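This is target_4.cif. It holds mmCIF, C-alpha atoms.
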```
data_run
loop_
_atom_site.label_atom_id
_atom_site.label_comp_id
_atom_site.auth_asym_id
_atom_site.auth_seq_id
_atom_site.Cartn_x
_atom_site.Cartn_y
_atom_site.Cartn_z
CA MET A 1339 47.22 -241.97 236.38
CA ILE A 1340 44.69 -241.53 233.59
CA LEU A 1341 41.98 -241.12 236.20
CA ASP A 1342 43.58 -238.35 238.27
CA GLN A 1343 45.47 -236.54 235.50
CA LEU A 1344 42.99 -236.71 232.65
CA ILE A 1345 39.48 -237.51 233.85
CA LEU A 1346 39.57 -235.52 237.09
CA PRO A 1347 40.69 -232.18 235.53
CA TRP A 1348 38.11 -232.62 232.80
CA LEU A 1349 35.27 -233.37 235.22
CA LEU A 1350 36.32 -230.50 237.49
CA ALA A 1351 36.30 -228.07 234.56
CA TRP A 1352 32.92 -229.23 233.26
CA LEU A 1353 31.36 -229.29 236.74
CA MET A 1354 32.55 -225.74 237.41
CA ALA A 1355 31.44 -224.56 233.97
CA GLY A 1356 28.00 -226.13 234.20
CA LEU A 1357 27.13 -225.30 237.80
CA GLY A 1358 28.85 -221.93 237.56
CA ALA A 1359 26.94 -220.89 234.45
CA TYR A 1360 23.67 -221.86 236.14
CA LEU A 1361 24.67 -219.90 239.22
CA VAL A 1362 25.54 -216.86 237.09
CA ALA A 1363 22.04 -216.94 235.57
CA VAL A 1364 20.38 -217.30 239.00
CA LEU A 1365 22.47 -214.59 240.69
CA ASP A 1366 21.99 -212.20 237.80
CA ARG A 1367 18.23 -212.64 238.06
CA LEU A 1368 18.34 -212.15 241.82
CA MET A 1369 20.27 -208.91 241.38
CA ALA A 1370 17.86 -207.57 238.80
CA SER A 1371 15.71 -206.36 241.68
CA GLY A 1372 13.04 -203.87 240.80
CA SER A 1373 12.06 -205.54 237.56
CA ALA A 1374 9.15 -207.91 237.82
CA GLN A 1375 10.20 -211.50 238.43
CA VAL A 1376 8.23 -214.03 236.45
CA GLY A 1377 8.32 -217.52 237.88
CA SER A 1378 10.94 -219.06 240.11
CA VAL A 1379 14.44 -217.60 240.08
CA TRP A 1380 15.88 -221.10 240.35
CA LEU A 1381 13.87 -222.63 237.53
CA ALA A 1382 13.85 -219.71 235.10
CA PRO A 1383 17.40 -220.27 233.73
CA LEU A 1384 16.65 -223.95 233.13
CA ALA A 1385 13.35 -223.09 231.47
CA SER A 1386 14.91 -220.55 229.13
CA ALA A 1387 17.74 -222.97 228.31
CA ALA A 1388 15.23 -225.70 227.46
CA TRP A 1389 13.23 -223.20 225.40
CA LEU A 1390 16.32 -222.22 223.40
CA MET A 1391 17.10 -225.89 222.76
CA THR A 1392 13.72 -226.38 221.09
CA GLN A 1393 13.81 -223.19 219.01
CA GLN A 1394 14.74 -223.04 215.37
CA ALA A 1395 18.33 -222.00 214.70
CA THR A 1396 18.00 -219.28 212.08
CA THR A 1397 20.77 -218.45 209.69
CA THR A 1398 21.65 -215.53 207.44
CA GLU A 1399 21.77 -215.52 203.65
CA ALA A 1400 25.51 -216.10 203.27
CA PRO A 1401 27.20 -216.78 206.60
CA ASP A 1402 30.60 -218.35 207.08
CA ALA A 1403 28.80 -221.40 208.44
CA PRO A 1404 31.68 -223.48 209.88
CA ALA A 1405 33.20 -220.47 211.65
CA TRP A 1406 29.80 -219.46 212.94
CA ARG A 1407 29.30 -222.87 214.55
CA LEU A 1408 32.86 -222.97 215.80
CA ALA A 1409 32.93 -219.61 217.61
CA PRO A 1410 30.58 -220.42 220.55
CA ALA A 1411 32.09 -223.88 220.97
CA LEU A 1412 35.62 -222.46 220.99
CA TYR A 1413 34.69 -219.80 223.53
CA LEU A 1414 33.29 -222.55 225.75
CA ALA A 1415 36.48 -224.58 225.29
CA LEU A 1416 38.61 -221.57 226.30
CA ALA A 1417 36.55 -221.20 229.47
CA ALA A 1418 36.95 -224.91 230.25
CA ILE A 1419 40.74 -224.73 229.84
CA GLY A 1420 40.80 -221.70 232.14
CA LEU A 1421 38.81 -223.63 234.75
CA ALA A 1422 41.20 -226.58 234.48
CA LEU A 1423 44.10 -224.32 235.52
CA VAL A 1424 42.57 -223.36 238.86
CA PRO A 1425 44.34 -224.84 241.91
CA TRP A 1426 41.82 -226.05 244.51
CA SER A 1427 44.39 -227.02 247.14
CA PRO A 1428 48.16 -227.64 247.11
CA THR A 1429 47.48 -231.14 245.78
CA LEU A 1430 44.16 -230.86 243.97
CA VAL A 1431 45.00 -228.97 240.78
CA GLY A 1432 43.40 -229.67 237.43
CA VAL A 1433 46.49 -229.03 235.34
CA ASP A 1434 49.50 -227.86 237.34
CA LEU A 1435 51.37 -226.14 234.53
CA SER A 1436 54.65 -224.35 235.28
CA THR A 1437 53.41 -221.52 233.01
CA SER A 1438 49.72 -221.42 233.93
CA LEU A 1439 49.72 -217.60 234.14
CA VAL A 1440 51.02 -217.40 230.57
CA LEU A 1441 48.38 -219.87 229.39
CA TRP A 1442 45.64 -217.82 231.05
CA GLY A 1443 46.97 -214.73 229.27
CA SER A 1444 46.85 -216.55 225.96
CA LEU A 1445 43.25 -217.58 226.67
CA GLU A 1446 42.37 -213.91 227.09
CA ALA A 1447 44.03 -213.10 223.77
CA LEU A 1448 42.31 -215.99 221.99
CA ALA A 1449 38.96 -214.90 223.42
CA THR A 1450 39.28 -211.70 221.39
CA VAL A 1451 39.77 -213.79 218.24
CA VAL A 1452 36.80 -216.02 219.01
CA ILE A 1453 34.44 -213.15 219.84
CA PHE A 1454 35.46 -211.33 216.66
CA LEU A 1455 34.88 -214.54 214.71
CA HIS A 1456 31.38 -214.83 216.20
CA GLY A 1457 30.45 -211.37 214.98
CA TRP A 1458 32.23 -211.63 211.64
CA SER A 1459 30.97 -215.01 210.46
CA ALA A 1460 27.28 -214.06 210.59
CA ASN A 1461 27.73 -211.69 207.61
CA SER A 1462 25.35 -209.23 209.20
CA HIS A 1463 26.08 -205.54 209.66
CA LEU A 1464 25.16 -205.10 213.30
CA ALA A 1465 27.00 -208.26 214.32
CA LEU A 1466 30.11 -207.09 212.50
CA ILE A 1467 30.01 -203.67 214.18
CA GLY A 1468 29.80 -205.45 217.54
CA ALA A 1469 32.83 -207.52 216.55
CA TYR A 1470 34.89 -204.48 215.53
CA ARG A 1471 33.97 -202.72 218.77
CA TYR A 1472 35.02 -205.74 220.72
CA VAL A 1473 38.45 -205.86 219.09
CA ALA A 1474 39.08 -202.29 220.27
CA LEU A 1475 38.19 -203.34 223.80
CA GLY A 1476 39.95 -206.70 223.65
CA LEU A 1477 43.25 -205.25 222.47
CA SER A 1478 43.05 -202.58 225.18
CA TYR A 1479 42.39 -204.73 228.25
CA LEU A 1480 45.00 -207.28 227.22
CA LEU A 1481 47.93 -205.15 228.36
CA ILE A 1482 46.29 -204.18 231.64
CA SER A 1483 45.68 -207.85 232.36
CA MET A 1484 49.27 -208.80 231.55
CA PHE A 1485 50.86 -206.13 233.75
CA VAL A 1486 48.59 -206.98 236.66
CA LEU A 1487 49.29 -210.71 236.33
CA ILE A 1488 53.05 -210.15 236.02
CA GLY A 1489 52.79 -208.18 239.26
CA VAL A 1490 51.30 -211.28 240.89
CA ALA A 1491 54.10 -213.47 239.52
CA LEU A 1492 56.91 -211.27 240.93
CA PRO A 1493 56.74 -212.28 244.63
CA ALA A 1494 56.15 -215.93 243.66
CA GLU A 1495 59.23 -215.96 241.39
CA SER A 1496 57.18 -218.28 239.24
CA LEU A 1497 54.44 -218.29 236.61
CA ARG A 1498 52.79 -221.29 238.25
CA LEU A 1499 49.42 -220.53 239.85
CA THR A 1500 50.02 -222.87 242.82
CA GLU A 1501 53.20 -220.94 243.67
CA VAL A 1502 51.37 -217.64 243.23
CA VAL A 1503 48.96 -218.83 245.93
CA ALA A 1504 51.80 -220.11 248.13
CA ALA A 1505 53.45 -216.67 247.92
CA GLN A 1506 50.32 -215.17 249.53
CA ALA A 1507 50.74 -217.13 252.75
CA SER A 1508 51.71 -214.06 254.78
CA LEU A 1509 49.64 -211.46 252.97
CA TRP A 1510 47.08 -211.72 250.17
CA HIS A 1511 47.85 -209.80 247.00
CA VAL A 1512 44.58 -207.91 247.30
CA VAL A 1513 46.25 -206.11 250.23
CA SER A 1514 49.88 -206.01 249.12
CA GLN A 1515 48.96 -204.91 245.57
CA PRO A 1516 45.86 -202.77 246.14
CA LEU A 1517 45.50 -201.70 242.50
CA GLY A 1518 45.70 -205.24 241.17
CA LEU A 1519 42.26 -206.66 241.85
CA PRO A 1520 40.23 -203.58 240.76
CA LEU A 1521 42.15 -203.45 237.47
CA PHE A 1522 41.76 -207.20 237.00
CA LEU A 1523 37.99 -206.91 237.56
CA VAL A 1524 37.85 -204.47 234.64
CA VAL A 1525 39.63 -207.12 232.57
CA GLY A 1526 37.04 -209.68 233.67
CA LEU A 1527 34.14 -207.49 232.58
CA GLY A 1528 35.91 -206.96 229.25
CA LEU A 1529 36.76 -210.62 228.73
CA THR A 1530 33.12 -211.62 229.05
CA PHE A 1531 31.79 -208.30 227.63
CA TRP A 1532 29.65 -208.06 230.73
CA GLY A 1533 27.69 -205.05 232.01
CA PRO A 1534 29.54 -201.74 231.52
CA LEU A 1535 31.95 -203.27 228.99
CA ASN A 1536 29.34 -205.06 226.92
CA LEU A 1537 30.43 -203.55 223.62
CA ALA A 1538 30.11 -206.76 221.60
CA ASP A 1539 26.55 -207.86 222.34
CA SER A 1540 25.11 -204.54 223.43
CA ALA A 1541 21.46 -203.58 223.20
CA ASP A 1542 22.18 -200.56 220.99
CA LEU A 1543 23.23 -203.05 218.30
CA SER A 1544 20.14 -205.19 219.06
CA GLY A 1545 22.39 -207.89 220.45
CA GLY A 1546 25.61 -207.19 218.54
CA THR A 1547 27.50 -210.33 217.56
CA ALA A 1548 24.54 -212.46 218.70
CA VAL A 1549 21.91 -210.50 216.73
CA GLU A 1550 21.38 -213.32 214.22
CA ARG A 1551 21.69 -216.07 216.81
CA SER A 1552 18.69 -218.11 217.91
CA GLY A 1553 18.01 -221.55 219.28
CA PRO A 1554 20.78 -223.92 220.43
CA PRO A 1555 23.74 -221.84 219.15
CA ARG A 1556 22.50 -218.89 221.18
CA LEU A 1557 22.33 -221.11 224.25
CA VAL A 1558 25.93 -222.31 223.72
CA TRP A 1559 27.09 -218.70 223.32
CA ALA A 1560 25.38 -217.63 226.56
CA LEU A 1561 26.70 -220.72 228.35
CA ALA A 1562 30.25 -220.04 227.17
CA ARG A 1563 30.06 -216.43 228.30
CA ALA A 1564 28.83 -217.37 231.77
CA ALA A 1565 31.42 -220.16 232.05
CA MET A 1566 34.16 -217.67 231.13
CA LEU A 1567 32.92 -215.34 233.88
CA VAL A 1568 33.19 -218.22 236.35
CA ALA A 1569 36.68 -219.14 235.10
CA PHE A 1570 37.77 -215.54 235.47
CA SER A 1571 36.37 -215.35 239.03
CA ALA A 1572 38.27 -218.47 240.04
CA ILE A 1573 41.52 -217.16 238.53
CA ALA A 1574 41.03 -213.77 240.22
CA ALA A 1575 40.40 -215.48 243.57
CA THR A 1576 43.57 -217.53 243.04
CA ALA A 1577 45.76 -214.63 242.00
CA PHE A 1578 44.59 -212.01 244.50
CA LEU A 1579 42.51 -213.55 247.30
CA GLY A 1580 44.88 -216.29 248.41
CA GLY A 1581 43.19 -219.14 246.53
CA TRP A 1582 42.72 -222.16 248.80
CA MET A 1583 44.11 -220.45 251.93
CA GLY A 1584 41.94 -219.88 254.97
CA PRO A 1585 41.28 -221.21 258.46
CA TRP A 1586 38.98 -224.09 259.53
CA LEU A 1587 37.53 -225.03 256.16
CA PRO A 1588 39.33 -227.23 253.63
CA GLY A 1589 41.08 -225.55 250.66
CA PRO A 1590 38.52 -226.22 247.93
CA ALA A 1591 35.75 -224.73 250.09
CA TRP A 1592 37.73 -221.51 250.53
CA LEU A 1593 38.39 -221.28 246.82
CA LEU A 1594 34.66 -221.72 246.12
CA ILE A 1595 33.75 -219.01 248.63
CA LYS A 1596 36.31 -216.57 247.25
CA SER A 1597 35.39 -217.25 243.61
CA LEU A 1598 31.74 -216.75 244.49
CA ALA A 1599 32.58 -213.43 246.14
CA VAL A 1600 34.39 -212.21 243.00
CA LEU A 1601 31.50 -213.45 240.85
CA VAL A 1602 28.95 -211.59 242.95
CA VAL A 1603 31.00 -208.38 242.75
CA LEU A 1604 31.28 -208.70 238.96
CA LEU A 1605 27.56 -209.36 238.52
CA TRP A 1606 26.73 -206.50 240.86
CA LEU A 1607 28.98 -204.14 238.88
CA GLY A 1608 27.35 -205.42 235.70
CA ARG A 1609 23.93 -204.48 237.02
CA ARG A 1610 24.87 -201.16 238.60
CA LEU A 1611 27.22 -199.47 236.11
CA PRO A 1612 26.00 -197.99 232.82
CA ARG A 1613 27.49 -199.24 229.58
CA LEU A 1614 30.61 -197.39 228.51
CA ALA A 1615 30.47 -195.53 225.20
CA PRO A 1616 32.79 -197.44 222.84
CA GLU A 1617 34.64 -194.32 221.69
CA ARG A 1618 35.46 -193.44 225.30
CA CYS A 1619 36.55 -196.96 226.14
CA LEU A 1620 39.79 -196.67 224.18
CA THR A 1621 40.88 -193.47 225.92
CA LEU A 1622 39.94 -194.79 229.35
CA MET A 1623 41.85 -198.02 228.86
CA TRP A 1624 45.06 -196.58 227.41
CA VAL A 1625 45.32 -193.20 229.10
CA VAL A 1626 43.94 -193.98 232.57
CA LEU A 1627 43.96 -197.71 233.30
CA LEU A 1628 47.18 -198.71 231.51
CA PRO A 1629 49.34 -196.16 233.42
CA LEU A 1630 47.60 -197.37 236.59
CA SER A 1631 48.68 -200.91 235.76
CA PHE A 1632 52.27 -199.62 235.35
CA VAL A 1633 51.97 -198.17 238.84
CA ASP A 1634 50.63 -201.50 240.06
CA LEU A 1635 53.61 -203.34 238.58
CA ILE A 1636 56.15 -200.93 240.09
CA TRP A 1637 54.37 -201.16 243.44
CA ALA A 1638 54.29 -204.96 243.24
CA GLY A 1639 58.00 -205.04 242.40
CA ALA A 1640 58.95 -202.73 245.26
CA VAL A 1641 56.86 -204.69 247.77
CA ALA A 1642 58.25 -208.00 246.50
CA LEU A 1643 61.84 -206.80 246.95
CA TRP A 1644 61.08 -205.32 250.36
CA MET A 1645 59.37 -208.45 251.65
CA ALA A 1646 61.93 -210.86 250.14
CA MET B 518 50.82 -235.10 230.36
CA ALA B 519 49.71 -231.55 231.04
CA LEU B 520 49.64 -230.83 227.31
CA LEU B 521 47.65 -234.02 226.70
CA THR B 522 45.14 -233.10 229.41
CA LEU B 523 44.69 -229.59 228.06
CA SER B 524 44.27 -230.87 224.49
CA PHE B 525 41.77 -233.42 225.73
CA ILE B 526 39.72 -230.79 227.57
CA LEU B 527 39.88 -228.53 224.52
CA LEU B 528 38.65 -231.28 222.21
CA VAL B 529 35.84 -232.67 224.38
CA THR B 530 34.53 -229.19 225.22
CA LEU B 531 34.71 -228.15 221.57
CA GLY B 532 32.83 -231.35 220.73
CA LEU B 533 30.19 -230.63 223.37
CA GLY B 534 29.72 -227.09 222.05
CA LEU B 535 29.29 -228.31 218.48
CA LEU B 536 27.06 -231.21 219.51
CA LEU B 537 24.76 -228.94 221.53
CA GLN B 538 24.30 -226.83 218.41
CA TRP B 539 23.92 -229.69 215.97
CA LEU B 540 21.88 -232.34 217.81
CA PRO B 541 18.63 -230.42 218.42
CA ALA B 542 18.64 -228.95 214.90
CA ARG B 543 19.38 -232.12 212.93
CA GLY B 544 16.69 -233.08 210.45
CA SER B 545 14.85 -229.78 210.75
CA LEU B 546 14.24 -227.66 207.68
CA LYS B 547 16.48 -224.70 206.97
CA PRO B 548 14.82 -221.30 207.37
CA THR B 549 13.20 -219.80 204.28
CA TYR B 550 15.11 -217.14 202.34
CA PRO B 551 13.00 -214.17 203.48
CA GLN B 552 13.72 -215.27 207.04
CA ARG B 553 17.45 -215.38 206.33
CA ALA B 554 17.79 -211.67 205.58
CA PRO B 555 20.22 -210.13 208.10
CA PHE B 556 18.51 -207.94 210.69
CA LEU B 557 18.79 -204.26 209.84
CA GLY B 558 16.03 -202.78 211.97
CA GLY B 559 13.46 -203.27 209.21
CA GLY B 560 15.67 -202.33 206.27
CA SER B 561 16.88 -204.87 203.76
CA PRO B 562 20.60 -205.22 203.10
CA ASP B 563 21.96 -204.16 199.70
CA THR B 564 25.44 -205.58 200.27
CA HIS B 565 27.37 -208.16 202.19
CA ALA B 566 28.40 -207.03 205.64
CA TRP B 567 31.95 -208.03 204.68
CA ASN B 568 32.76 -204.74 203.04
CA ARG B 569 35.57 -202.27 203.34
CA TYR B 570 35.21 -200.78 206.77
CA HIS B 571 37.30 -198.09 208.36
CA ILE B 572 38.12 -199.22 211.88
CA ARG B 573 38.81 -195.94 213.56
CA TYR B 574 41.18 -197.31 216.16
CA TYR B 575 43.68 -199.04 213.87
CA PRO B 576 46.75 -196.97 214.97
CA MET B 577 46.16 -198.35 218.48
CA THR B 578 46.44 -201.91 217.17
CA LEU B 579 49.90 -201.08 215.79
CA LEU B 580 50.97 -199.64 219.13
CA LEU B 581 49.76 -202.81 220.81
CA ILE B 582 52.24 -204.90 218.83
CA ALA B 583 55.15 -203.03 220.46
CA PHE B 584 53.76 -203.81 223.90
CA GLU B 585 52.96 -207.40 223.11
CA MET B 586 56.59 -208.01 222.17
CA GLU B 587 57.55 -206.46 225.47
CA MET B 588 55.33 -208.93 227.34
CA MET B 589 57.42 -211.75 225.88
CA PHE B 590 60.46 -210.39 227.72
CA MET B 591 58.46 -209.78 230.86
CA TYR B 592 57.51 -213.38 231.55
CA PRO B 593 61.10 -214.62 232.07
CA TRP B 594 61.93 -211.32 233.77
CA ALA B 595 59.17 -211.92 236.36
CA VAL B 596 60.68 -215.28 237.33
CA VAL B 597 64.20 -213.93 238.01
CA PHE B 598 63.04 -210.57 239.39
CA ILE B 599 63.83 -211.11 243.09
CA GLU B 600 67.05 -212.95 242.32
CA LYS B 601 68.38 -210.05 240.20
CA GLY B 602 67.00 -207.39 242.55
CA THR B 603 67.56 -203.73 241.77
CA MET B 604 69.18 -204.48 238.42
CA ALA B 605 65.95 -206.05 237.17
CA VAL B 606 63.97 -203.02 238.38
CA MET B 607 66.28 -200.63 236.56
CA GLU B 608 66.30 -202.56 233.31
CA MET B 609 62.56 -202.97 233.08
CA GLY B 610 62.06 -199.40 234.33
CA MET B 611 64.14 -198.06 231.44
CA PHE B 612 62.32 -200.26 228.97
CA LEU B 613 58.89 -199.20 230.27
CA ALA B 614 59.93 -195.55 230.35
CA ILE B 615 60.82 -195.65 226.65
CA LEU B 616 57.53 -197.33 225.82
CA SER B 617 55.64 -194.82 227.98
CA VAL B 618 57.11 -192.00 225.90
CA GLY B 619 55.59 -193.81 222.95
CA ILE B 620 52.19 -193.84 224.67
CA VAL B 621 52.40 -190.13 225.47
CA TYR B 622 53.34 -189.39 221.86
CA ALA B 623 50.51 -191.59 220.57
CA TRP B 624 48.08 -189.89 222.94
CA ARG B 625 49.15 -186.47 221.66
CA GLU B 626 48.64 -187.71 218.11
CA GLY B 627 45.11 -188.76 219.01
CA VAL B 628 45.65 -192.49 218.59
CA PHE B 629 43.39 -193.28 221.55
CA ARG B 630 40.55 -191.18 220.25
CA TRP B 631 37.89 -192.91 218.21
CA GLN B 632 38.20 -190.41 215.41
#
```

Would it be possible to restate this file's structure as structure tokens?
Amino acid sequence: MILDQLILPWLLAWLMAGLGAYLVAVLDRLMASGSAQVGSVWLAPLASAAWLMTQQATTTEAPDAPAWRLAPALYLALAAIGLALVPWSPTLVGVDLSTSLVLWGSLEALATVVIFLHGWSANSHLALIGAYRYVALGLSYLLISMFVLIGVALPAESLRLTEVVAAQASLWHVVSQPLGLPLFLVVGLGLTFWGPLNLADSADLSGGTAVERSGPPRLVWALARAAMLVAFSAIAATAFLGGWMGPWLPGPAWLLIKSLAVLVVLLWLGRRLPRLAPERCLTLMWVVLLPLSFVDLIWAGAVALWMA
Amino acid sequence: MALLTLSFILLVTLGLGLLLQWLPARGSLKPTYPQRAPFLGGGSPDTHAWNRYHIRYYPMTLLLIAFEMEMMFMYPWAVVFIEKGTMAVMEMGMFLAILSVGIVYAWREGVFRWQ
């Protein structure tokens, strides 16, 4: 019992986090076409990780040291918990919680706290501005995420992710709730402050919350961010792309393929879209995307009643 | 058991994150004080960063609280939605409509502008 209910979910989460983060680094380099590639795409992430491990970890004059250490580790832990929730097949589920959708929502909310903590605890102006910007974004995407995920829970009559997948047996939610996945992808970019929604660690703040970060803590921060992107991709594949369902191949293989597809789309969007101006972000989220998520919920409810 | 597993994953991953930061740096000297000055694009800081700061979007954070409370009702609502049918649609529709009026009012008041 210990083996399959404690060790297996843990190993699954760590395996996904580790391999996924590496894959994120490789894919992101592959997509950065046009810029000169130095060295092997496959070895470069490992080399830069090893380099960061040997670098000095600088500090600021008066940081909140415990919180500063805690923030990257906590972000990584949130990603690992998210990965543990993913159902790989009807029987192979890390943690089959009856409220896994609610837990995922709380992970998104806690991510905002952790990212703010990372920027705040450095006691550096640019890092703090990045943190404040992120809170504006984090509090805005939260509602969109919740409405979209509630829409997924309606046809399943459950907040359990395995039952959300089972409810997609006849039709995947990406088809029956066409607004859901695009809106959820915006949430994913926000959750990991990736690409167009990189308000926390943006280049115009010379790295934002990570401006004072060097050496091993910087590596953990980057690892956590990539792992969170992987966790999000897996949850999106579960909620909208039918999770483990598919012909010929076994369930886990389908989930891997679908998660990879979502990951590639996110990374591609990250490379192709320009960064959103922070002052426009608020208006876009609340005035355009939030009403769209209302529409998505109403649509999901109508379809669920019609198909029931 | 699920709670135990989640707590276990939380703890071991937290431990890994802290260990990865601590292990390589143990025993090494702390950076010198000139090196510890926060980065300000060449300038030197006169104050702590933890100062009074006007976050321009704070009315939005108040509006969020109203919606977050609403989410609490929505989770159980989602589970019984099909069972209750049209009644559930009507109830949540009314609730959302009232909140939407709030959004429209807040928009008119410029809450969603970074002013």

Please evaluate the PyMOL selection byres ((chain B and resi 554) around 6) against the structure above and give the resulting residues as a PyMOL selection string.
(chain A and resi 1398-1399) or (chain B and resi 551-553+555)

Point-to-point distance from CA of His1511 in chain A to CA of Trp1637 in chain A, Å rounded to tenths
11.4 Å

Which distance in Å separates CA of Ile1573 in chain A and CA of Ile1453 in chain A, to one decimal?
20.4 Å

Rounded to one decimal in Å, what is the spacing between CA of Met1566 in chain A and CA of Leu1480 in chain A?
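Separation of CA of Met1566 in chain A and CA of Leu1480 in chain A: 15.5 Å.
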
Just want the 10 Å neighbourhood of range 616-625 of chain B, counted on only C-alpha atoms, with same-chain residues fewer than 3 positions away dropped. Output as a PDB file with C-alpha atoms, in the frame of the given file.
```
ATOM      1  CA  THR A1621      40.880-193.470 225.920  1.00  0.00           C
ATOM      2  CA  TRP A1624      45.060-196.580 227.410  1.00  0.00           C
ATOM      3  CA  VAL A1625      45.320-193.200 229.100  1.00  0.00           C
ATOM      4  CA  LEU A1628      47.180-198.710 231.510  1.00  0.00           C
ATOM      5  CA  PRO A1629      49.340-196.160 233.420  1.00  0.00           C
ATOM      6  CA  PHE A1632      52.270-199.620 235.350  1.00  0.00           C
TER       7      PHE A1632
ATOM      8  CA  PRO B 576      46.750-196.970 214.970  1.00  0.00           C
ATOM      9  CA  MET B 577      46.160-198.350 218.480  1.00  0.00           C
ATOM     10  CA  LEU B 580      50.970-199.640 219.130  1.00  0.00           C
ATOM     11  CA  ALA B 583      55.150-203.030 220.460  1.00  0.00           C
ATOM     12  CA  PHE B 584      53.760-203.810 223.900  1.00  0.00           C
ATOM     13  CA  GLU B 587      57.550-206.460 225.470  1.00  0.00           C
ATOM     14  CA  GLY B 610      62.060-199.400 234.330  1.00  0.00           C
ATOM     15  CA  MET B 611      64.140-198.060 231.440  1.00  0.00           C
ATOM     16  CA  PHE B 612      62.320-200.260 228.970  1.00  0.00           C
ATOM     17  CA  LEU B 613      58.890-199.200 230.270  1.00  0.00           C
ATOM     18  CA  VAL B 628      45.650-192.490 218.590  1.00  0.00           C
ATOM     19  CA  PHE B 629      43.390-193.280 221.550  1.00  0.00           C
ATOM     20  CA  ARG B 630      40.550-191.180 220.250  1.00  0.00           C
TER      21      ARG B 630
END
```

Enumerate as a PyMOL selection string the residues belonging to chain B that approach chain A to within 6 Å, with all atoms listed in the file taken into account.
chain B and resi 519+522+526-527+530-531+534-535+538+553-555+566+595-596+629+631

Restricting it to C-alpha atoms, dump the selection as a PDB file, keeping the file's coordinate frame.
```pdb
ATOM      1  CA  ALA B 519      49.710-231.550 231.040  1.00  0.00           C
ATOM      2  CA  THR B 522      45.140-233.100 229.410  1.00  0.00           C
ATOM      3  CA  ILE B 526      39.720-230.790 227.570  1.00  0.00           C
ATOM      4  CA  LEU B 527      39.880-228.530 224.520  1.00  0.00           C
ATOM      5  CA  THR B 530      34.530-229.190 225.220  1.00  0.00           C
ATOM      6  CA  LEU B 531      34.710-228.150 221.570  1.00  0.00           C
ATOM      7  CA  GLY B 534      29.720-227.090 222.050  1.00  0.00           C
ATOM      8  CA  LEU B 535      29.290-228.310 218.480  1.00  0.00           C
ATOM      9  CA  GLN B 538      24.300-226.830 218.410  1.00  0.00           C
ATOM     10  CA  ARG B 553      17.450-215.380 206.330  1.00  0.00           C
ATOM     11  CA  ALA B 554      17.790-211.670 205.580  1.00  0.00           C
ATOM     12  CA  PRO B 555      20.220-210.130 208.100  1.00  0.00           C
ATOM     13  CA  ALA B 566      28.400-207.030 205.640  1.00  0.00           C
ATOM     14  CA  ALA B 595      59.170-211.920 236.360  1.00  0.00           C
ATOM     15  CA  VAL B 596      60.680-215.280 237.330  1.00  0.00           C
ATOM     16  CA  PHE B 629      43.390-193.280 221.550  1.00  0.00           C
ATOM     17  CA  TRP B 631      37.890-192.910 218.210  1.00  0.00           C
TER      18      TRP B 631
END
```

Of the listed residues A:Leu1509, A:Leu1521, A:Leu1350, A:Leu1567, that which approaches Gly1608 in chain A most closely, counting only C-alpha atoms:
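So, comparing all the options, the nearest one is A:Leu1567.
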
Of the candidates A:Ser1386, A:Leu1614, A:Val1641, A:Thr1450, which one gets nearest to Asp1542 in chain A if we count only C-alpha atoms?
A:Leu1614

Care to translate the PyMOL selection byres ((chain A and resi 1426) around 10) into actual residues of this file, as a list in words?
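What the PyMOL selection byres ((chain A and resi 1426) around 10) grabs from the file is Leu1350, Leu1423, Val1424, Pro1425, Ser1427, Pro1428, Thr1429, Leu1430, Val1431, Gly1432, Thr1500, Ala1572, Thr1576, Gly1581, Trp1582, Met1583, Pro1588, Gly1589, Pro1590, Ala1591, Trp1592, Leu1593 and Leu1594 of chain A.
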
Do you know which residues the PyMOL selection byres ((chain A and resi 1363) around 9) returns on this file, as a list in words?
Gly1358, Ala1359, Tyr1360, Leu1361, Val1362, Val1364, Leu1365, Asp1366, Arg1367, Leu1368, Val1379, Trp1380, Ala1382, Pro1383 and Ala1564 of chain A

I want to know what sits within 10 Å of Leu1529 in chain A, based on all atoms listed in the file, with residues of the same chain fewer than 6 positions away left out; could you give that as a list in words?
Leu1445, Glu1446, Ala1447, Ala1449, Thr1450, Ile1453, Tyr1472, Leu1475, Gly1476, Tyr1479, Leu1480, Leu1523, Leu1535, Asn1536, Arg1563, Met1566, Leu1567 and Phe1570 of chain A

For Gln1506 in chain A, which residue out of A:Ser1552, A:Val1626, A:Met1645, A:Val1486 is the nearest one, using all atoms listed in the file?
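Using all atoms listed in the file, Gln1506 in chain A sits closest to A:Met1645.
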